[in-house]
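Asker: Hey, dropping work.cif in here, mmCIF, C-alpha atoms:
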```
data_final
#
loop_
_atom_site.label_atom_id
_atom_site.label_comp_id
_atom_site.auth_asym_id
_atom_site.auth_seq_id
_atom_site.Cartn_x
_atom_site.Cartn_y
_atom_site.Cartn_z
CA MET A 1 10.66 -30.48 72.25
CA ASP A 2 13.36 -33.15 72.35
CA LYS A 3 12.51 -35.12 75.50
CA ARG A 4 14.95 -37.97 74.96
CA ILE A 5 17.02 -39.08 77.97
CA ALA A 6 20.06 -41.33 77.66
CA SER A 7 18.98 -43.99 80.17
CA ALA A 8 16.69 -44.95 83.03
CA ASP A 9 19.32 -43.84 85.53
CA ALA A 10 19.52 -40.39 83.93
CA ALA A 11 15.72 -40.17 83.77
CA ILE A 12 15.30 -40.58 87.55
CA ALA A 13 18.00 -38.07 88.51
CA LYS A 14 15.33 -35.84 90.11
CA LEU A 15 13.80 -38.70 92.13
CA SER A 16 14.37 -38.36 95.87
CA ASP A 17 13.36 -40.11 99.10
CA GLY A 18 9.70 -39.87 100.08
CA ALA A 19 8.34 -39.45 96.55
CA THR A 20 4.92 -40.71 95.42
CA ILE A 21 5.22 -42.69 92.19
CA LEU A 22 2.52 -43.98 89.85
CA MET A 23 3.66 -47.15 88.07
CA GLY A 24 1.88 -48.53 85.04
CA GLY A 25 1.29 -52.20 84.44
CA PHE A 26 -1.12 -55.04 85.11
CA GLY A 27 0.63 -58.05 86.56
CA LEU A 28 3.86 -58.10 84.56
CA CYS A 29 2.26 -56.63 81.44
CA GLY A 30 3.32 -53.08 80.63
CA ILE A 31 5.46 -52.50 83.73
CA PRO A 32 8.33 -49.96 83.63
CA GLU A 33 10.94 -52.62 84.34
CA ASN A 34 14.02 -50.54 83.45
CA LEU A 35 12.89 -47.67 85.68
CA ILE A 36 12.24 -50.07 88.56
CA ALA A 37 15.76 -51.50 88.19
CA ALA A 38 17.19 -47.96 88.15
CA MET A 39 15.33 -47.15 91.38
CA VAL A 40 16.90 -50.16 93.07
CA ARG A 41 20.33 -49.00 91.95
CA LYS A 42 19.66 -45.44 93.15
CA GLY A 43 18.51 -46.67 96.55
CA VAL A 44 15.74 -44.11 97.16
CA LYS A 45 13.72 -44.83 100.32
CA ASN A 46 10.35 -44.17 101.99
CA LEU A 47 8.47 -44.26 98.70
CA THR A 48 4.73 -44.35 98.20
CA THR A 49 4.00 -46.45 95.13
CA ILE A 50 0.67 -46.66 93.33
CA SER A 51 0.20 -49.66 91.08
CA ASN A 52 -2.33 -52.37 90.33
CA ASN A 53 0.00 -55.20 91.40
CA VAL A 54 3.11 -55.57 93.54
CA GLY A 55 5.19 -57.88 91.35
CA ILE A 56 6.33 -61.48 91.76
CA ASP A 57 9.43 -63.12 93.22
CA HIS A 58 12.51 -61.15 92.17
CA TRP A 59 10.71 -59.17 89.48
CA GLY A 60 8.64 -56.02 89.05
CA LEU A 61 7.73 -53.95 92.11
CA ARG A 62 8.76 -56.88 94.29
CA LEU A 63 12.37 -55.71 93.75
CA LEU A 64 11.60 -52.49 95.63
CA LEU A 65 9.95 -54.44 98.45
CA GLU A 66 12.95 -56.74 98.74
CA ALA A 67 15.21 -53.68 99.08
CA ARG A 68 12.82 -52.16 101.68
CA GLN A 69 12.45 -48.99 99.62
CA VAL A 70 8.66 -48.67 99.86
CA LYS A 71 6.86 -47.37 102.97
CA LYS A 72 3.31 -47.37 101.54
CA MET A 73 1.60 -49.22 98.70
CA ILE A 74 -1.69 -48.13 97.13
CA SER A 75 -2.89 -51.07 95.08
CA THR A 76 -5.70 -53.45 94.18
CA TYR A 77 -4.35 -56.99 93.85
CA VAL A 78 -1.63 -58.27 96.17
CA GLY A 79 -2.76 -61.82 96.86
CA GLU A 80 0.16 -63.78 95.41
CA ASN A 81 3.05 -61.88 96.99
CA LYS A 82 4.13 -63.52 100.25
CA LEU A 83 6.81 -60.93 100.98
CA PHE A 84 4.20 -58.18 100.72
CA GLU A 85 2.06 -60.05 103.25
CA GLN A 86 5.00 -60.44 105.64
CA LEU A 87 5.93 -56.75 105.44
CA VAL A 88 2.35 -55.62 106.09
CA LEU A 89 1.82 -57.98 109.03
CA SER A 90 5.14 -56.94 110.59
CA GLY A 91 4.27 -53.26 110.29
CA GLU A 92 7.13 -52.50 107.88
CA LEU A 93 4.77 -51.58 105.04
CA GLN A 94 1.53 -49.61 104.94
CA VAL A 95 -1.13 -50.72 102.47
CA GLU A 96 -4.21 -49.03 101.03
CA LEU A 97 -6.31 -51.49 99.06
CA ASN A 98 -8.77 -50.25 96.43
CA PRO A 99 -11.34 -51.99 94.27
CA GLN A 100 -9.72 -52.16 90.84
CA GLY A 101 -12.28 -49.95 89.10
CA THR A 102 -12.06 -47.44 91.94
CA LEU A 103 -8.29 -47.17 91.54
CA SER A 104 -8.73 -46.59 87.81
CA GLU A 105 -11.27 -43.84 88.39
CA ARG A 106 -9.20 -42.23 91.14
CA LEU A 107 -6.31 -41.94 88.69
CA ARG A 108 -8.54 -40.67 85.89
CA ALA A 109 -10.03 -38.10 88.24
CA GLY A 110 -6.59 -36.99 89.38
CA GLY A 111 -5.53 -36.49 85.79
CA ALA A 112 -8.70 -34.57 84.96
CA GLY A 113 -8.43 -32.21 87.94
CA ILE A 114 -11.41 -33.75 89.74
CA PRO A 115 -10.73 -33.79 93.51
CA ALA A 116 -13.31 -36.44 94.43
CA PHE A 117 -16.23 -38.53 93.16
CA TYR A 118 -18.92 -40.90 94.46
CA THR A 119 -19.10 -44.62 93.72
CA PRO A 120 -21.38 -47.38 95.08
CA THR A 121 -18.45 -49.82 95.08
CA GLY A 122 -17.35 -50.71 98.57
CA TYR A 123 -20.29 -49.24 100.47
CA GLY A 124 -20.98 -51.23 103.63
CA THR A 125 -17.52 -52.83 103.61
CA MET A 126 -14.10 -52.02 105.07
CA VAL A 127 -13.42 -49.98 101.94
CA ALA A 128 -15.88 -47.33 103.14
CA GLU A 129 -14.55 -47.02 106.71
CA GLY A 130 -13.73 -43.42 107.57
CA LYS A 131 -15.04 -42.08 104.27
CA GLU A 132 -17.97 -39.82 103.53
CA THR A 133 -21.09 -41.58 102.24
CA ARG A 134 -24.14 -40.12 100.56
CA GLU A 135 -27.43 -41.30 99.12
CA PHE A 136 -28.34 -40.62 95.49
CA ASP A 137 -31.68 -41.77 94.09
CA GLY A 138 -32.14 -44.32 96.84
CA ARG A 139 -28.66 -45.85 96.56
CA MET A 140 -25.70 -45.31 98.89
CA TYR A 141 -22.35 -44.13 97.56
CA VAL A 142 -18.84 -43.73 98.94
CA MET A 143 -16.76 -40.64 98.27
CA GLU A 144 -13.29 -41.41 96.88
CA ARG A 145 -10.49 -38.89 96.34
CA GLY A 146 -8.67 -38.42 93.05
CA LEU A 147 -5.08 -39.67 92.96
CA ARG A 148 -1.95 -37.88 91.74
CA GLY A 149 1.75 -38.58 92.05
CA ASP A 150 5.02 -36.69 92.06
CA PHE A 151 6.18 -39.02 89.27
CA ALA A 152 4.59 -41.45 86.82
CA PHE A 153 6.71 -44.24 85.35
CA ILE A 154 5.12 -45.34 82.08
CA LYS A 155 5.90 -48.26 79.75
CA ALA A 156 4.93 -47.96 76.07
CA TRP A 157 5.61 -49.89 72.88
CA ARG A 158 6.67 -47.03 70.63
CA GLY A 159 7.39 -43.36 71.18
CA ASP A 160 9.07 -40.38 69.54
CA ARG A 161 11.33 -37.61 70.85
CA TRP A 162 8.32 -35.38 71.46
CA GLY A 163 6.96 -37.95 73.93
CA ASN A 164 4.03 -39.25 71.87
CA LEU A 165 3.28 -42.84 72.89
CA ILE A 166 1.60 -45.94 71.49
CA TYR A 167 0.91 -48.91 73.75
CA ARG A 168 0.61 -52.46 72.48
CA LYS A 169 -2.67 -54.26 73.18
CA THR A 170 -3.28 -55.08 76.87
CA ALA A 171 0.03 -53.47 77.89
CA ARG A 172 -1.92 -50.21 77.67
CA ASN A 173 -3.79 -50.97 80.95
CA PHE A 174 -3.15 -48.26 83.61
CA ASN A 175 -0.40 -46.45 81.70
CA PRO A 176 -2.46 -43.80 79.82
CA MET A 177 -4.34 -42.69 82.95
CA MET A 178 -1.18 -42.45 85.01
CA ALA A 179 0.50 -40.36 82.33
CA THR A 180 -2.06 -37.62 83.01
CA ALA A 181 -1.92 -37.73 86.81
CA ALA A 182 1.64 -36.86 87.83
CA ASP A 183 3.85 -33.79 88.01
CA TYR A 184 6.73 -35.45 86.13
CA VAL A 185 6.16 -38.29 83.67
CA ILE A 186 8.92 -40.60 82.44
CA ALA A 187 8.19 -43.02 79.61
CA GLU A 188 10.31 -46.00 78.67
CA VAL A 189 9.65 -47.51 75.25
CA GLU A 190 10.67 -50.59 73.32
CA GLU A 191 11.20 -48.57 70.16
CA LEU A 192 12.06 -44.88 69.83
CA VAL A 193 11.18 -43.61 66.34
CA GLU A 194 11.54 -40.35 64.43
CA VAL A 195 8.86 -37.69 64.71
CA GLY A 196 6.21 -38.34 62.07
CA LYS A 197 6.58 -42.13 62.15
CA LEU A 198 3.71 -42.60 64.59
CA PRO A 199 0.28 -42.37 62.89
CA PRO A 200 -1.41 -39.44 64.70
CA ASP A 201 -4.74 -41.23 65.05
CA GLN A 202 -3.02 -44.16 66.75
CA VAL A 203 -1.26 -42.15 69.46
CA HIS A 204 -2.65 -43.10 72.87
CA THR A 205 -0.74 -40.60 75.03
CA PRO A 206 0.09 -37.23 73.45
CA GLY A 207 3.56 -35.91 74.14
CA ILE A 208 2.16 -32.96 76.11
CA PHE A 209 1.84 -35.31 79.09
CA VAL A 210 5.40 -36.70 78.91
CA ASP A 211 8.48 -34.98 80.35
CA ALA A 212 11.19 -37.53 79.53
CA ILE A 213 11.48 -40.58 77.27
CA PHE A 214 14.11 -43.25 76.63
CA GLN A 215 14.42 -46.56 74.82
CA GLY A 216 14.94 -49.48 77.16
CA PRO A 217 17.96 -51.68 76.41
CA LYS A 218 16.00 -54.90 76.78
CA TYR A 219 12.64 -56.27 77.87
CA GLU A 220 12.25 -59.74 79.33
CA LYS A 221 8.44 -59.94 79.02
CA ARG A 222 8.09 -62.65 81.62
CA ILE A 223 4.90 -64.68 81.91
CA GLU A 224 3.34 -64.35 85.35
CA ARG A 225 1.38 -67.59 85.25
CA ARG A 226 1.97 -69.94 82.33
CA THR A 227 -1.07 -71.98 81.36
CA VAL A 228 -1.07 -74.51 78.52
CA ARG A 229 -3.57 -77.04 77.22
CA LYS A 230 -3.01 -80.68 78.05
CA PRO A 231 -1.95 -82.79 75.01
#
```
I need this file expressed as structure tokens, please.

Answerer:
Amino acid sequence: MDKRIASADAAIAKLSDGATILMGGFGLCGIPENLIAAMVRKGVKNLTTISNNVGIDHWGLRLLLEARQVKKMISTYVGENKLFEQLVLSGELQVELNPQGTLSERLRAGGAGIPAFYTPTGYGTMVAEGKETREFDGRMYVMERGLRGDFAFIKAWRGDRWGNLIYRKTARNFNPMMATAADYVIAEVEELVEVGKLPPDQVHTPGIFVDAIFQGPKYEKRIERRTVRKP
């Protein structure tokens, strides 16, 4: 039951080229920053990464793009990353864009063992091209497939050696869903506590979903877009 790993580098020892990885986070909030840095050091290539965003200059998933380690990105919001745009237009990177709610439901479905579902979102647009459509009660729907990964890299606030996790506020975002939808789940936490220290009714991800856990040495918690009121 002791799932503690010494470091991010030790945690990704099983990661190899060509893997599909789910990565939690929304913008820079709740991203597995230590695991991303370890992936850059390891140098794995031809990855398929599934994440809401693709990072910013020299931070987050952008680090993997800069090192040319990603071959395909499944995401929702990529509008502020110029390197991402350049890689896609040059043919160096494949992209599969999803409506944000659709990506969430695809991950939830993958974690629940649901192979596919119907949604009205995207019908009549490029999102629906090549996909099955069907009418229900007079409204058209698009069939979307559930999503799973070989690995899920999760960022939580607190965890214990059994792998139970608590996320802090909006840093929860995609992390809990991704923790259910991968074959091997690695969680990095800001604080690793003794078993029994986490209130059971506050645990967001039960340890049954987590394979490995470690405490990150530091977290920068950068602000993606700083906005302040004028004096």

Asker: List the residues matched by the PyMOL selection byres ((chain A and resi 97) around 9) in the displayed structure as a list in words, ordered by chain and then by residue number.

Answerer: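 Written out, the selection comes to Met73, Ile74, Ser75, Thr76, Tyr77, Val78, Val95, Glu96, Asn98, Pro99, Gln100, Leu103 and Val127 of chain A.
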
Asker: Report as a PyMOL selection string the residues that result from applying the PyMOL selection byres ((chain A and resi 52-60) around 10) to the structure here.

Answerer: chain A and resi 22-29+31-37+49-51+61-66+73-84+97-100+103-104+173-174+222+224

Asker: Determine, counting all atoms listed in the file, which protein, DNA and RNA residues have an atom within 10 Å of an atom of Glu92 (chain A); residues of the same chain fewer than 3 positions away are not included. Present the result as a ChimeraX atom specification.

Answerer: /A:68,70-72,84,86-89

Asker: Apply the PyMOL selection byres ((chain A and resi 194-206) around 10) to the displayed file and report the matching residues as number ranges by chain.

Answerer: A: 2, 156, 158-168, 172, 175-177, 179-180, 192-193, 207-210

Asker: Please write as a PyMOL selection string the list of polymer residues whose atoms come within 12 Å of (17.1, -44.8, 73.6), counting all atoms listed in the file and keeping to the coordinates of the file.

Answerer: chain A and resi 3-8+10-11+34+158-161+187-194+212-218

Asker: For Thr20 (chain A), please output as a PDB file with C-alpha atoms, keeping the file's coordinate frame all residues within 8 Å (counting only C-alpha atoms; exclusion window: fewer than 6 positions along the same chain).

Answerer:
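File part_16.pdb, as written:
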```pdb
ATOM      1  CA  LEU A  47       8.470 -44.260  98.700  1.00  0.00           C
ATOM      2  CA  THR A  48       4.730 -44.350  98.200  1.00  0.00           C
ATOM      3  CA  THR A  49       4.000 -46.450  95.130  1.00  0.00           C
ATOM      4  CA  ILE A  50       0.670 -46.660  93.330  1.00  0.00           C
ATOM      5  CA  GLY A 149       1.750 -38.580  92.050  1.00  0.00           C
ATOM      6  CA  ASP A 150       5.020 -36.690  92.060  1.00  0.00           C
ATOM      7  CA  PHE A 151       6.180 -39.020  89.270  1.00  0.00           C
TER       8      PHE A 151
END
```

Asker: Quick one, how far is CA of Gly18 (chain A) from CA of Leu147 (chain A)?

Answerer: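 A separation of 16.4 Å between them.
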
Asker: Please write as a PDB file with C-alpha atoms, in the coordinates of the input the list of polymer residues whose atoms come within 9 Å of (12.0, -38.5, 101.6), counting only C-alpha atoms and keeping to the coordinates of the file.

Answerer:
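See point.pdb below for the written result:
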```pdb
ATOM      1  CA  SER A  16      14.370 -38.360  95.870  1.00  0.00           C
ATOM      2  CA  ASP A  17      13.360 -40.110  99.100  1.00  0.00           C
ATOM      3  CA  GLY A  18       9.700 -39.870 100.080  1.00  0.00           C
ATOM      4  CA  ALA A  19       8.340 -39.450  96.550  1.00  0.00           C
ATOM      5  CA  VAL A  44      15.740 -44.110  97.160  1.00  0.00           C
ATOM      6  CA  LYS A  45      13.720 -44.830 100.320  1.00  0.00           C
ATOM      7  CA  ASN A  46      10.350 -44.170 101.990  1.00  0.00           C
ATOM      8  CA  LEU A  47       8.470 -44.260  98.700  1.00  0.00           C
TER       9      LEU A  47
END
```

Asker: Can you tell me how far CA of Phe153 (chain A) sits from CA of Ser90 (chain A), in Å to one decimal?

Answerer: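 So the two atoms, CA of Phe153 (chain A) and CA of Ser90 (chain A), lie 28.3 Å apart.
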
Asker: Figure out the distance between CA of Leu93 (chain A) and CA of Ala109 (chain A), please, to one decimal in Å.

Answerer: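 CA of Leu93 (chain A) lies 26.1 Å from CA of Ala109 (chain A).
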
Asker: Would you compute an axis-aligned box for region 188-205 of chain A, covering every atom listed for it in the file with 6 Å of margin on each side, and report centre and edge lengths in Å to one decimal as AutoDock Vina command-line options?

Answerer:
```
--center_x 3.7 --center_y -44.1 --center_z 70.4 --size_x 28.8 --size_y 24.9 --size_z 28.6
```

Asker: Using only C-alpha atoms, which residue out of A:Leu15, A:Ile154, A:Ala181, A:Ala67 lies closest to Pro115 (chain A)?

Answerer: A:Ala181

Asker: Find the residue from A:Glu144, A:Gly30, A:Phe136, A:Gly124 that sits nearest to Tyr219 (chain A); use all atoms listed in the file when measuring.

Answerer: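 Selected residue with least distance to Tyr219 (chain A): A:Gly30.
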
Asker: For each of A:Glu85, A:Glu129, A:Asp183, A:Asp137, take the minimum atom-to-atom distance to Ala152 (chain A), counting all atoms listed in the file, then give the residue where this is smallest.

Answerer: A:Asp183
